[in-house]
Structures are given as structure tokens and as C-alpha cells.
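Trainee: Below is the structure I would like to discuss, written out as C-alpha cells.
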Amino acid sequence: MKVLYVVHQFFPEHHTGTERLTLQIAKQIQLMGNFVSVLTYESNQNIQGFEHLDEHVMKKEFQFETIPVVAFKTDHIKDIIIFNDLLKEYLIDMIKKFDIVHITHPMRMGIVVKICKDLHIPTVLTITDNWLLCPQRLLTKDLKLCDGPNEGRRCMSICNYDEKILSRYKDAKFLFDNVDKIFAGCEFLQESFQLNEWKKEINLNTFSMDYSYVKPEKEPDKIVFSFIGSLTWEKGAHVLINAFKKNENKNIKLKIYGSGVEGDFTTARLLQLAKDDKRIEFCGTFNYEDLPTIMSDISVVVIPSTYKEIYPLVMQIGLAYRKPIIASRIGGLPEAVKNGINGYLFDIGNVDQLAKIIAEISANPDLIVKLKQNITDPPRVEEEALKYECVYNELLFRRH
């Protein structure tokens, strides 16, 4: 079987959760005896090595780990775009070579759905966030929570988009309605689309963990709380820093892993917020291969998101390594984190509640041992991939 994975951006330049999900599924499907490739878009105009196909479109072919990758780049387009028509003529011959096309994020690359529909090639969509519903992922431009776009009208009234957002909504709905099979990695995503009356069935295939990166580790000497993720405001590292600073215990530490986004001043604000506390360490980014070393120096993983967090990879990493999770009570987080059982939940943005949890764990280290005993291992990537492979075969059987 020949499977093409389509994602809005990919390694080595981009390495957040959706890119990691795409990579680990593609590698596993490849290990199961199938031919796979990744089709992606490069949004960074400064990346070199692309050949010009015409005055608007550039292309680059390379291999990342074991996966062949084809990346396109066009004249700058906005991140809200679903269908990039500039790519269409260059994608048709490529897509013809595959039996199945599996989209893990349609930003800038949604045109493949129209092409596959014309070619009668089955398509699978895995929803990894709320971007199809809302280009701000259900967060207003002033960082407040939003329940949905109201067919784009709420985007105009609250976030000041112009009327083009109405056609963007129609494009997103067309893509959703015209893929053959849809999956989501958590119940929260299923509910988000259903609440907005996108009625097509969304199947559950829980986001998994590649256990080849999970190695036995020692416990740190001190209690070490951690944040792992993008240093953007909605990820909530400021909530964690403020809560941590309320505790004067000298025998605890906070390690913050991650980097900011170009042009975003969040990192500078976080450094300023933490500058007087020597217990707080900014550790930058790390290679995935270094996970065993990183996790051996962590006691607890904190996910203090201030938006509708989905089902983040860092949560699966923490649970796979048997680290208790402290998380905001929002989005898909409560599906895996059970308050007082395998971790703790606190109300979104509530510094005092989080500070109280940190104080309780700091004063009673045995709590960590108790919570660890109740942690259930996340699904293995082999399980997630097998479910997808069964669906690929089912769709191909129907086609013939």
C-alpha cells in the first residue's frame, strides 16, 4: 500500500505536536510494510534549497529519518488559507501514485482533498486541533475563549476579520464534508465540531506515544516541576511561574523547556517574570532523542494552558514516563488527568489554585509516589497505526 501523509509543516524546521504525530504514524506504517511519503509546506521564506517550478511555486525533496518528504513553498499566503490553488497542477501527478492520502493538518494544503476527489483516491483526516473551525483555534485575538465561529460571523464581530472569513468557513466545511473518514485523538475535539453542528462522524483514535523514546530513568534529588512546550502566552507558562513563586520552599525547582515564536515577546516577559527566582531554570529546546535524560530530571509535568488545549503530546510523554500531571481543567486535558488520582486539575488561569497544589506536593513528596501508582500508560503508536491501516484497507476495498 502507498500512503501519502499531508501536513501543514514538517521537520526539520518545525517540530511541534502535529509534526511529531505525523512522523511517528508514518514511520510505524512504513515498518508495517507500506510505502509512505510526506507532503508538506514550508512557511519560512528564508529556508534554502528549493527549486523554482514557476514564478510563484518552489519545491524541495529530501528525506527525514526514514521518510521521503516533498515540501512546497509559494508566494506568501496567510495561515487561514484552506485551498492553495497555486499548488494544484504540481500535485496531481504526485498524488496519482498513492493509494491513500491521510491529512494530519490541512492548513495551506487542503487542495489535496479536491484533487483526491477528482482522482477517486480515498482520503483520511485526523483532526489535531480546532483550526478548521476557527483560524484562531477558538481563541479570540485578545486571548479570550470562544465557543465557535457561527459560520464566520463571530470571527467578523469579535476578531475583526473581513468578509473573506465567510468563504474560508465554507472552504473548511467543504473539506470536512468531502474526506472519506475522519478521526480525532480525543473526545473534546469530537465535541467541539459537533457543538458547531459539523455533523459528519468523527471517529476516536487516541493520540499515542512512541515508546522507543521511553527509557528507565532515575528520580531527581529535589522535587522538580516542569513546563514543556511553546513559550506562547496561551500555553500558560506565566501562570505556572506566578504560582511557583508563591512557594518559598528552597528544595524545589522549576524547569521550563521550549522556545518562543519569532516576533512574539512572550519569552522576554517570562524571563522578566522569573528573573529574581534562582530556582527557575529556562532550559531551551531539546532533541527528542534526549527525552530519557530530560525526564530523569523531572518529578511533575505541569500543563497550565489558558486556551482550549487539545490532548498535547507532552501529556502523553509525562504519563508514559509515569510523571504526575498538573493541568488546567479545560479541553481534552481532563480526559487523561484525574484530579487527586494520577495528577491534579486546577481552574484555567487560577494562580492561587495551582500554587496550593504545588505547596501540597512540595510539603508531601510521598504524594508523587501515590499518584504515579495510578497512572495508566498511554496507547502505543503501534495501536494507533494499526487502527489507521485497517481503515486504509477498508477504504481501498470499497473503492474496488
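Simple scheme: letters A, B, ... for chains in C-alpha cells order, numbers from 1 for residues in each chain, numbers from 1 for ligands in the order shown.
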For the structure I just gave you, how does DSSP split stretch 193-399 of chain A - specifically, which residues are strand (DSSP E)? Reply as a ChimeraX atom specification.
Mentor: /A:203-204,223-228,252-257,280-284,300-303,325-328,343-346
Trainee: Save out the residues we just selected, C-alpha atoms, as a tab-separated table (two decimals), in the first residue's frame.
Mentor:
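Contents of part36.tsv, freshly written:
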```
chain	number	residue	atom	x	y	z
A	203	ASN	CA	-14.05	8.52	14.99
A	204	LEU	CA	-11.85	8.33	18.06
A	223	ILE	CA	11.14	17.90	43.58
A	224	VAL	CA	11.34	19.35	40.08
A	225	PHE	CA	8.25	20.81	38.45
A	226	SER	CA	8.42	21.28	34.69
A	227	PHE	CA	6.85	23.07	31.75
A	228	ILE	CA	7.47	21.60	28.28
A	252	ILE	CA	12.00	22.62	44.83
A	253	LYS	CA	12.86	23.64	41.27
A	254	LEU	CA	11.04	24.64	38.10
A	255	LYS	CA	12.48	23.73	34.70
A	256	ILE	CA	11.00	25.37	31.62
A	257	TYR	CA	11.65	23.71	28.24
A	280	ILE	CA	13.55	28.66	37.98
A	281	GLU	CA	15.65	27.49	35.04
A	282	PHE	CA	14.97	28.14	31.35
A	283	CYS	CA	16.37	25.11	29.53
A	284	GLY	CA	15.59	25.89	25.88
A	300	VAL	CA	5.96	16.53	37.83
A	301	VAL	CA	4.76	17.86	34.46
A	302	VAL	CA	2.60	21.00	34.55
A	303	ILE	CA	0.31	21.95	31.64
A	325	ILE	CA	0.42	15.77	35.55
A	326	ILE	CA	-0.92	19.06	36.92
A	327	ALA	CA	-3.16	20.59	34.26
A	328	SER	CA	-5.75	23.23	33.55
A	343	GLY	CA	-2.46	14.15	38.93
A	344	TYR	CA	-4.28	17.39	39.71
A	345	LEU	CA	-6.55	19.77	37.84
A	346	PHE	CA	-6.99	23.48	38.52
```
Trainee: Contacts of A:Pro304 at 10 Å or less, counting only C-alpha atoms, minus same-chain residues fewer than 2 places along, as a PyMOL selection string?
Mentor: chain A and resi 227+234-241+301-302+306-307+309+326-330+345-351+354
Trainee: Please produce an output containing N, CA and C atoms for each residue in the selection, written as a PDB file, in the first residue's frame.
Mentor:
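And here's part.pdb as it stands now:
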```
ATOM      1  N   PHE A 227       7.698  22.626  32.865  1.00  0.00           N
ATOM      2  CA  PHE A 227       6.850  23.066  31.752  1.00  0.00           C
ATOM      3  C   PHE A 227       7.584  22.674  30.484  1.00  0.00           C
ATOM      4  N   GLU A 234      -0.735  31.721  25.405  1.00  0.00           N
ATOM      5  CA  GLU A 234      -1.865  30.831  25.684  1.00  0.00           C
ATOM      6  C   GLU A 234      -1.439  29.499  26.289  1.00  0.00           C
ATOM      7  N   LYS A 235      -0.162  29.156  26.199  1.00  0.00           N
ATOM      8  CA  LYS A 235       0.325  27.915  26.808  1.00  0.00           C
ATOM      9  C   LYS A 235       0.476  28.044  28.322  1.00  0.00           C
ATOM     10  N   GLY A 236       0.451  29.274  28.827  1.00  0.00           N
ATOM     11  CA  GLY A 236       0.265  29.483  30.260  1.00  0.00           C
ATOM     12  C   GLY A 236       1.488  29.363  31.146  1.00  0.00           C
ATOM     13  N   ALA A 237       2.707  29.441  30.599  1.00  0.00           N
ATOM     14  CA  ALA A 237       3.899  29.347  31.454  1.00  0.00           C
ATOM     15  C   ALA A 237       3.914  30.457  32.499  1.00  0.00           C
ATOM     16  N   HIS A 238       3.331  31.610  32.181  1.00  0.00           N
ATOM     17  CA  HIS A 238       3.278  32.716  33.149  1.00  0.00           C
ATOM     18  C   HIS A 238       2.436  32.349  34.371  1.00  0.00           C
ATOM     19  N   VAL A 239       1.372  31.566  34.144  1.00  0.00           N
ATOM     20  CA  VAL A 239       0.535  31.114  35.269  1.00  0.00           C
ATOM     21  C   VAL A 239       1.367  30.232  36.201  1.00  0.00           C
ATOM     22  N   LEU A 240       2.142  29.340  35.613  1.00  0.00           N
ATOM     23  CA  LEU A 240       2.982  28.435  36.402  1.00  0.00           C
ATOM     24  C   LEU A 240       4.069  29.201  37.158  1.00  0.00           C
ATOM     25  N   ILE A 241       4.730  30.131  36.510  1.00  0.00           N
ATOM     26  CA  ILE A 241       5.792  30.897  37.179  1.00  0.00           C
ATOM     27  C   ILE A 241       5.223  31.682  38.352  1.00  0.00           C
ATOM     28  N   VAL A 301       4.970  17.073  35.683  1.00  0.00           N
ATOM     29  CA  VAL A 301       4.764  17.863  34.461  1.00  0.00           C
ATOM     30  C   VAL A 301       3.542  18.758  34.675  1.00  0.00           C
ATOM     31  N   VAL A 302       3.709  20.043  34.395  1.00  0.00           N
ATOM     32  CA  VAL A 302       2.602  20.999  34.554  1.00  0.00           C
ATOM     33  C   VAL A 302       2.188  21.514  33.180  1.00  0.00           C
ATOM     34  N   THR A 306      -4.022  28.251  28.919  1.00  0.00           N
ATOM     35  CA  THR A 306      -5.115  29.203  29.134  1.00  0.00           C
ATOM     36  C   THR A 306      -6.031  29.270  27.914  1.00  0.00           C
ATOM     37  N   TYR A 307      -5.987  28.240  27.078  1.00  0.00           N
ATOM     38  CA  TYR A 307      -6.912  28.135  25.952  1.00  0.00           C
ATOM     39  C   TYR A 307      -7.422  26.698  25.914  1.00  0.00           C
ATOM     40  N   GLU A 309      -6.935  23.671  25.215  1.00  0.00           N
ATOM     41  CA  GLU A 309      -5.875  22.713  24.899  1.00  0.00           C
ATOM     42  C   GLU A 309      -6.509  21.392  24.453  1.00  0.00           C
ATOM     43  N   ILE A 326      -0.059  17.996  36.396  1.00  0.00           N
ATOM     44  CA  ILE A 326      -0.917  19.058  36.921  1.00  0.00           C
ATOM     45  C   ILE A 326      -1.379  19.856  35.710  1.00  0.00           C
ATOM     46  N   ALA A 327      -2.677  19.988  35.509  1.00  0.00           N
ATOM     47  CA  ALA A 327      -3.157  20.591  34.264  1.00  0.00           C
ATOM     48  C   ALA A 327      -4.368  21.486  34.487  1.00  0.00           C
ATOM     49  N   SER A 328      -4.539  22.414  33.564  1.00  0.00           N
ATOM     50  CA  SER A 328      -5.753  23.233  33.550  1.00  0.00           C
ATOM     51  C   SER A 328      -6.963  22.346  33.285  1.00  0.00           C
ATOM     52  N   ARG A 329      -8.066  22.685  33.932  1.00  0.00           N
ATOM     53  CA  ARG A 329      -9.310  21.932  33.748  1.00  0.00           C
ATOM     54  C   ARG A 329     -10.024  22.466  32.513  1.00  0.00           C
ATOM     55  N   ILE A 330      -9.533  22.058  31.339  1.00  0.00           N
ATOM     56  CA  ILE A 330     -10.095  22.592  30.095  1.00  0.00           C
ATOM     57  C   ILE A 330      -9.744  21.663  28.936  1.00  0.00           C
ATOM     58  N   LEU A 345      -5.985  18.777  38.739  1.00  0.00           N
ATOM     59  CA  LEU A 345      -6.553  19.772  37.836  1.00  0.00           C
ATOM     60  C   LEU A 345      -6.813  21.060  38.604  1.00  0.00           C
ATOM     61  N   PHE A 346      -6.665  22.188  37.911  1.00  0.00           N
ATOM     62  CA  PHE A 346      -6.994  23.485  38.516  1.00  0.00           C
ATOM     63  C   PHE A 346      -7.723  24.326  37.475  1.00  0.00           C
ATOM     64  N   ASP A 347      -8.507  25.288  37.958  1.00  0.00           N
ATOM     65  CA  ASP A 347      -9.283  26.128  37.048  1.00  0.00           C
ATOM     66  C   ASP A 347      -8.356  26.967  36.180  1.00  0.00           C
ATOM     67  N   ILE A 348      -8.731  27.124  34.924  1.00  0.00           N
ATOM     68  CA  ILE A 348      -7.895  27.798  33.948  1.00  0.00           C
ATOM     69  C   ILE A 348      -7.439  29.178  34.464  1.00  0.00           C
ATOM     70  N   GLY A 349      -6.140  29.397  34.443  1.00  0.00           N
ATOM     71  CA  GLY A 349      -5.563  30.677  34.835  1.00  0.00           C
ATOM     72  C   GLY A 349      -5.557  30.966  36.319  1.00  0.00           C
ATOM     73  N   ASN A 350      -6.002  30.021  37.153  1.00  0.00           N
ATOM     74  CA  ASN A 350      -6.120  30.270  38.597  1.00  0.00           C
ATOM     75  C   ASN A 350      -4.775  30.031  39.288  1.00  0.00           C
ATOM     76  N   VAL A 351      -4.021  31.105  39.482  1.00  0.00           N
ATOM     77  CA  VAL A 351      -2.682  31.031  40.074  1.00  0.00           C
ATOM     78  C   VAL A 351      -2.743  30.486  41.497  1.00  0.00           C
ATOM     79  N   LEU A 354      -3.277  26.678  41.607  1.00  0.00           N
ATOM     80  CA  LEU A 354      -2.064  25.982  41.199  1.00  0.00           C
ATOM     81  C   LEU A 354      -0.991  26.090  42.282  1.00  0.00           C
TER      82      LEU A 354
END
```
Trainee: I want to know what sits within 8 Å of A:Tyr5, based on only C-alpha atoms, with residues of the same chain fewer than 2 positions away left out; could you give that as a list in words?
Mentor: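 Near neighbours after the sequence-gap exclusion: Val3, Val7, Thr22, Ala26, Val36, Ser37, Val38, Leu39, Val101, His102, Ile103 and Thr104 of chain A.
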Trainee: Per residue of stretch 115-208 of chain A within 7 Å of stretch 71-87 of chain A, record the nearest atom pair and its distance in Å to one decimal, counting only C-alpha atoms, with rows in chain order and ascending residue number, as JSON lines.
Mentor:
```
{"residue": "A:Pro135", "atom": "CA", "partner": "A:Ile80", "partner_atom": "CA", "distance": 5.5}
{"residue": "A:Asp171", "atom": "CA", "partner": "A:Ile82", "partner_atom": "CA", "distance": 6.5}
{"residue": "A:Ala172", "atom": "CA", "partner": "A:Ile82", "partner_atom": "CA", "distance": 6.5}
```
Trainee: Just the selected residues (N, CA and C atoms), exported as a compact mmCIF listing (two decimals), in the first residue's frame, please.
Mentor:
```
# COMPACT_ATOMS: atom_id res chain seq x y z
N PRO A 135 -9.65 29.86 12.63
CA PRO A 135 -8.22 30.08 12.39
C PRO A 135 -7.45 30.49 13.64
N ASP A 171 -15.06 26.92 2.84
CA ASP A 171 -13.99 26.04 2.35
C ASP A 171 -13.66 24.96 3.37
N ALA A 172 -13.57 25.38 4.64
CA ALA A 172 -13.25 24.43 5.71
C ALA A 172 -14.34 23.36 5.83
```
Trainee: Identify which of the residues A:Ile357, A:Gln373, A:Asp366, A:Phe35 lies closest to A:Ile341, counting only C-alpha atoms when measuring atom-to-atom distances.
Mentor: A:Gln373
Trainee: Nearest residue to A:Thr128 out of A:Pro365, A:Gly260, A:Pro312, A:Pro379, using only C-alpha atoms?
Mentor: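 Of A:Pro365, A:Gly260, A:Pro312, A:Pro379, the one nearest A:Thr128, counting only C-alpha atoms, is A:Pro312.
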Trainee: Enumerate the residues of stretch 125-360 of chain A with a DSSP assignment of helix (DSSP H, G or I), computed from the backbone, and present them as a ChimeraX atom specification.
Mentor: /A:153-159,164-178,187-195,211-213,233-235,237-245,266-274,288-295,313-320,333-335,351-360
Trainee: Write the residues of the preceding selection, restricted to C-alpha atoms, as a PDB file, in the first residue's frame.
Mentor:
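File out_29.pdb, as written:
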```
ATOM      1  CA  ARG A 153     -19.912  35.783  11.550  1.00  0.00           C
ATOM      2  CA  ARG A 154     -18.498  35.690  15.069  1.00  0.00           C
ATOM      3  CA  CYS A 155     -14.986  35.871  13.586  1.00  0.00           C
ATOM      4  CA  MET A 156     -16.002  39.152  11.960  1.00  0.00           C
ATOM      5  CA  SER A 157     -17.689  40.662  15.017  1.00  0.00           C
ATOM      6  CA  ILE A 158     -15.168  39.578  17.680  1.00  0.00           C
ATOM      7  CA  CYS A 159     -11.849  39.186  15.860  1.00  0.00           C
ATOM      8  CA  LYS A 164     -13.356  36.724   3.319  1.00  0.00           C
ATOM      9  CA  ILE A 165     -13.641  34.747   6.548  1.00  0.00           C
ATOM     10  CA  LEU A 166     -17.137  33.655   5.464  1.00  0.00           C
ATOM     11  CA  SER A 167     -15.773  31.926   2.348  1.00  0.00           C
ATOM     12  CA  ARG A 168     -12.929  30.493   4.438  1.00  0.00           C
ATOM     13  CA  TYR A 169     -15.549  28.895   6.693  1.00  0.00           C
ATOM     14  CA  LYS A 170     -17.308  27.407   3.649  1.00  0.00           C
ATOM     15  CA  ASP A 171     -13.994  26.043   2.347  1.00  0.00           C
ATOM     16  CA  ALA A 172     -13.252  24.425   5.708  1.00  0.00           C
ATOM     17  CA  LYS A 173     -16.705  22.854   5.850  1.00  0.00           C
ATOM     18  CA  PHE A 174     -16.353  21.596   2.262  1.00  0.00           C
ATOM     19  CA  LEU A 175     -13.083  19.882   3.153  1.00  0.00           C
ATOM     20  CA  PHE A 176     -14.586  18.346   6.296  1.00  0.00           C
ATOM     21  CA  ASP A 177     -17.628  17.042   4.407  1.00  0.00           C
ATOM     22  CA  ASN A 178     -15.635  15.616   1.489  1.00  0.00           C
ATOM     23  CA  GLU A 187     -13.315  13.305  22.823  1.00  0.00           C
ATOM     24  CA  PHE A 188     -13.011  17.066  23.264  1.00  0.00           C
ATOM     25  CA  LEU A 189     -12.283  17.524  19.558  1.00  0.00           C
ATOM     26  CA  GLN A 190     -15.258  15.358  18.632  1.00  0.00           C
ATOM     27  CA  GLU A 191     -17.478  17.508  20.848  1.00  0.00           C
ATOM     28  CA  SER A 192     -16.108  20.828  19.520  1.00  0.00           C
ATOM     29  CA  PHE A 193     -17.126  20.036  15.965  1.00  0.00           C
ATOM     30  CA  GLN A 194     -20.458  18.503  16.971  1.00  0.00           C
ATOM     31  CA  LEU A 195     -21.351  21.574  19.049  1.00  0.00           C
ATOM     32  CA  TYR A 211       7.706   4.017  23.379  1.00  0.00           C
ATOM     33  CA  SER A 212      11.075   3.663  21.672  1.00  0.00           C
ATOM     34  CA  TYR A 213      11.777   7.027  23.314  1.00  0.00           C
ATOM     35  CA  TRP A 233       1.056  33.245  26.087  1.00  0.00           C
ATOM     36  CA  GLU A 234      -1.865  30.831  25.684  1.00  0.00           C
ATOM     37  CA  LYS A 235       0.325  27.915  26.808  1.00  0.00           C
ATOM     38  CA  ALA A 237       3.899  29.347  31.454  1.00  0.00           C
ATOM     39  CA  HIS A 238       3.278  32.716  33.149  1.00  0.00           C
ATOM     40  CA  VAL A 239       0.535  31.114  35.269  1.00  0.00           C
ATOM     41  CA  LEU A 240       2.982  28.435  36.402  1.00  0.00           C
ATOM     42  CA  ILE A 241       5.792  30.897  37.179  1.00  0.00           C
ATOM     43  CA  ASN A 242       3.473  33.109  39.231  1.00  0.00           C
ATOM     44  CA  ALA A 243       2.153  30.096  41.151  1.00  0.00           C
ATOM     45  CA  PHE A 244       5.613  28.640  41.723  1.00  0.00           C
ATOM     46  CA  LYS A 245       6.945  31.931  43.099  1.00  0.00           C
ATOM     47  CA  THR A 266       6.281  36.165  25.484  1.00  0.00           C
ATOM     48  CA  THR A 267       9.737  34.688  26.157  1.00  0.00           C
ATOM     49  CA  ALA A 268      11.111  38.067  27.236  1.00  0.00           C
ATOM     50  CA  ARG A 269       8.111  38.590  29.521  1.00  0.00           C
ATOM     51  CA  LEU A 270       8.585  35.155  31.088  1.00  0.00           C
ATOM     52  CA  LEU A 271      12.292  35.765  31.690  1.00  0.00           C
ATOM     53  CA  GLN A 272      11.447  39.075  33.352  1.00  0.00           C
ATOM     54  CA  LEU A 273       8.790  37.392  35.482  1.00  0.00           C
ATOM     55  CA  ALA A 274      11.204  34.728  36.721  1.00  0.00           C
ATOM     56  CA  TYR A 288      13.546  14.072  21.045  1.00  0.00           C
ATOM     57  CA  GLU A 289      16.337  11.535  21.463  1.00  0.00           C
ATOM     58  CA  ASP A 290      17.229  13.330  24.723  1.00  0.00           C
ATOM     59  CA  LEU A 291      13.833  12.602  26.306  1.00  0.00           C
ATOM     60  CA  PRO A 292      15.189   9.948  28.723  1.00  0.00           C
ATOM     61  CA  THR A 293      17.755  12.412  30.085  1.00  0.00           C
ATOM     62  CA  ILE A 294      15.234  15.254  30.316  1.00  0.00           C
ATOM     63  CA  MET A 295      12.576  13.146  32.039  1.00  0.00           C
ATOM     64  CA  LEU A 313       1.946  15.263  23.275  1.00  0.00           C
ATOM     65  CA  VAL A 314       3.674  16.463  26.448  1.00  0.00           C
ATOM     66  CA  MET A 315       0.824  14.946  28.472  1.00  0.00           C
ATOM     67  CA  GLN A 316       1.345  11.581  26.777  1.00  0.00           C
ATOM     68  CA  ILE A 317       5.098  11.851  27.348  1.00  0.00           C
ATOM     69  CA  GLY A 318       4.585  12.616  31.035  1.00  0.00           C
ATOM     70  CA  LEU A 319       2.191   9.723  31.532  1.00  0.00           C
ATOM     71  CA  ALA A 320       4.410   7.302  29.584  1.00  0.00           C
ATOM     72  CA  LEU A 333      -6.790  17.532  29.485  1.00  0.00           C
ATOM     73  CA  PRO A 334      -9.368  16.134  31.975  1.00  0.00           C
ATOM     74  CA  GLU A 335      -9.803  13.070  29.752  1.00  0.00           C
ATOM     75  CA  VAL A 351      -2.682  31.031  40.074  1.00  0.00           C
ATOM     76  CA  ASP A 352      -3.813  30.503  43.672  1.00  0.00           C
ATOM     77  CA  GLN A 353      -5.233  27.034  42.993  1.00  0.00           C
ATOM     78  CA  LEU A 354      -2.064  25.982  41.199  1.00  0.00           C
ATOM     79  CA  ALA A 355       0.106  27.433  43.969  1.00  0.00           C
ATOM     80  CA  LYS A 356      -1.840  25.417  46.538  1.00  0.00           C
ATOM     81  CA  ILE A 357      -1.226  22.178  44.558  1.00  0.00           C
ATOM     82  CA  ILE A 358       2.486  22.959  44.259  1.00  0.00           C
ATOM     83  CA  ALA A 359       2.657  23.645  48.002  1.00  0.00           C
ATOM     84  CA  GLU A 360       0.865  20.400  48.841  1.00  0.00           C
TER      85      GLU A 360
END
```
Trainee: So that I can check the surroundings of A:Ile100, please list as a PDB file with N, CA and C atoms, in the first residue's frame every protein, DNA and RNA residue that reaches within 7 Å of it, counting only C-alpha atoms and ignoring chain neighbours fewer than 4 positions away.
Mentor:
```pdb
ATOM      1  N   LYS A   2       0.497   2.278  -0.757  1.00  0.00           N
ATOM      2  CA  LYS A   2       1.241   3.537  -0.813  1.00  0.00           C
ATOM      3  C   LYS A   2       0.402   4.633  -0.150  1.00  0.00           C
ATOM      4  N   VAL A   3       0.967   5.208   0.912  1.00  0.00           N
ATOM      5  CA  VAL A   3       0.226   6.176   1.730  1.00  0.00           C
ATOM      6  C   VAL A   3       0.960   7.509   1.721  1.00  0.00           C
ATOM      7  N   LEU A   4       0.237   8.563   1.389  1.00  0.00           N
ATOM      8  CA  LEU A   4       0.784   9.922   1.416  1.00  0.00           C
ATOM      9  C   LEU A   4       0.216  10.660   2.619  1.00  0.00           C
ATOM     10  N   ILE A 121      -9.344   8.946  -5.164  1.00  0.00           N
ATOM     11  CA  ILE A 121      -8.389   8.383  -4.197  1.00  0.00           C
ATOM     12  C   ILE A 121      -8.931   8.616  -2.793  1.00  0.00           C
ATOM     13  N   PRO A 122      -9.057   7.572  -1.976  1.00  0.00           N
ATOM     14  CA  PRO A 122      -9.631   7.716  -0.629  1.00  0.00           C
ATOM     15  C   PRO A 122      -8.794   8.642   0.255  1.00  0.00           C
ATOM     16  N   THR A 123      -9.488   9.385   1.099  1.00  0.00           N
ATOM     17  CA  THR A 123      -8.826  10.339   1.998  1.00  0.00           C
ATOM     18  C   THR A 123      -9.224  10.090   3.445  1.00  0.00           C
ATOM     19  N   TYR A 392      -7.483   2.185   6.137  1.00  0.00           N
ATOM     20  CA  TYR A 392      -6.959   2.299   4.769  1.00  0.00           C
ATOM     21  C   TYR A 392      -7.422   1.104   3.929  1.00  0.00           C
TER      22      TYR A 392
END
```
Trainee: Any idea what's packed within 12 Å of A:Cys390, counting only C-alpha atoms, ignoring anything in its chain fewer than 4 positions away? Could you give it as a ChimeraX atom specification?
Mentor: /A:1,29,32,124,181,383-386,394-397
Trainee: Any idea what's packed within 10 Å of A:His8, counting only C-alpha atoms, ignoring anything in its chain fewer than 2 positions away? Could you give it as JSON, numbers by chain?
Mentor: {"A": [6, 10, 14, 18, 19, 39, 40, 41, 42, 43, 71, 79, 103, 104, 105, 106, 107, 108, 109, 110]}
Trainee: I'd like the interatomic distance between atom CA of A:Met209 and atom CA of A:Tyr321, to a tenth of an Å.
Mentor: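 Separation of atom CA of A:Met209 and atom CA of A:Tyr321: 10.4 Å.
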Trainee: What's around A:Cys134 at 9 Å? Count only C-alpha atoms, leave out sequence neighbours fewer than 2 positions away in its own chain, and write the answer as a PDB file with N, CA and C atoms, in the first residue's frame.
Mentor:
```pdb
ATOM      1  N   ILE A  80      -4.614  31.336   7.354  1.00  0.00           N
ATOM      2  CA  ILE A  80      -6.021  30.929   7.416  1.00  0.00           C
ATOM      3  C   ILE A  80      -6.446  30.189   6.148  1.00  0.00           C
ATOM      4  N   ASN A 130      -8.465  22.751  16.594  1.00  0.00           N
ATOM      5  CA  ASN A 130      -9.719  23.351  16.144  1.00  0.00           C
ATOM      6  C   ASN A 130      -9.536  24.317  14.979  1.00  0.00           C
ATOM      7  N   TRP A 131      -8.404  24.228  14.286  1.00  0.00           N
ATOM      8  CA  TRP A 131      -8.098  25.216  13.243  1.00  0.00           C
ATOM      9  C   TRP A 131      -9.128  25.221  12.111  1.00  0.00           C
ATOM     10  N   LEU A 132      -9.646  24.076  11.736  1.00  0.00           N
ATOM     11  CA  LEU A 132     -10.660  24.064  10.664  1.00  0.00           C
ATOM     12  C   LEU A 132     -11.882  24.878  11.064  1.00  0.00           C
ATOM     13  N   GLN A 136      -8.181  30.947  14.674  1.00  0.00           N
ATOM     14  CA  GLN A 136      -7.547  31.300  15.949  1.00  0.00           C
ATOM     15  C   GLN A 136      -7.623  30.135  16.940  1.00  0.00           C
ATOM     16  N   ARG A 137      -8.141  28.979  16.491  1.00  0.00           N
ATOM     17  CA  ARG A 137      -8.284  27.787  17.335  1.00  0.00           C
ATOM     18  C   ARG A 137      -9.130  28.058  18.581  1.00  0.00           C
ATOM     19  N   LEU A 138     -10.283  28.697  18.348  1.00  0.00           N
ATOM     20  CA  LEU A 138     -11.259  29.016  19.401  1.00  0.00           C
ATOM     21  C   LEU A 138     -10.666  29.903  20.496  1.00  0.00           C
ATOM     22  N   LEU A 139      -9.815  30.815  20.061  1.00  0.00           N
ATOM     23  CA  LEU A 139      -9.246  31.820  20.952  1.00  0.00           C
ATOM     24  C   LEU A 139      -9.344  33.156  20.219  1.00  0.00           C
ATOM     25  N   GLY A 148     -17.129  29.115  19.172  1.00  0.00           N
ATOM     26  CA  GLY A 148     -17.238  28.717  17.775  1.00  0.00           C
ATOM     27  C   GLY A 148     -17.471  29.900  16.865  1.00  0.00           C
ATOM     28  N   PRO A 149     -17.319  29.697  15.548  1.00  0.00           N
ATOM     29  CA  PRO A 149     -17.303  30.813  14.592  1.00  0.00           C
ATOM     30  C   PRO A 149     -18.665  31.331  14.149  1.00  0.00           C
ATOM     31  N   GLY A 152     -18.534  31.909  10.670  1.00  0.00           N
ATOM     32  CA  GLY A 152     -17.622  33.002  10.337  1.00  0.00           C
ATOM     33  C   GLY A 152     -18.090  34.359  10.805  1.00  0.00           C
ATOM     34  N   CYS A 155     -16.373  35.491  13.903  1.00  0.00           N
ATOM     35  CA  CYS A 155     -14.986  35.871  13.586  1.00  0.00           C
ATOM     36  C   CYS A 155     -14.927  37.337  13.138  1.00  0.00           C
ATOM     37  N   TYR A 169     -14.729  29.848   5.933  1.00  0.00           N
ATOM     38  CA  TYR A 169     -15.549  28.895   6.693  1.00  0.00           C
ATOM     39  C   TYR A 169     -16.172  27.869   5.748  1.00  0.00           C
TER      40      TYR A 169
END
```
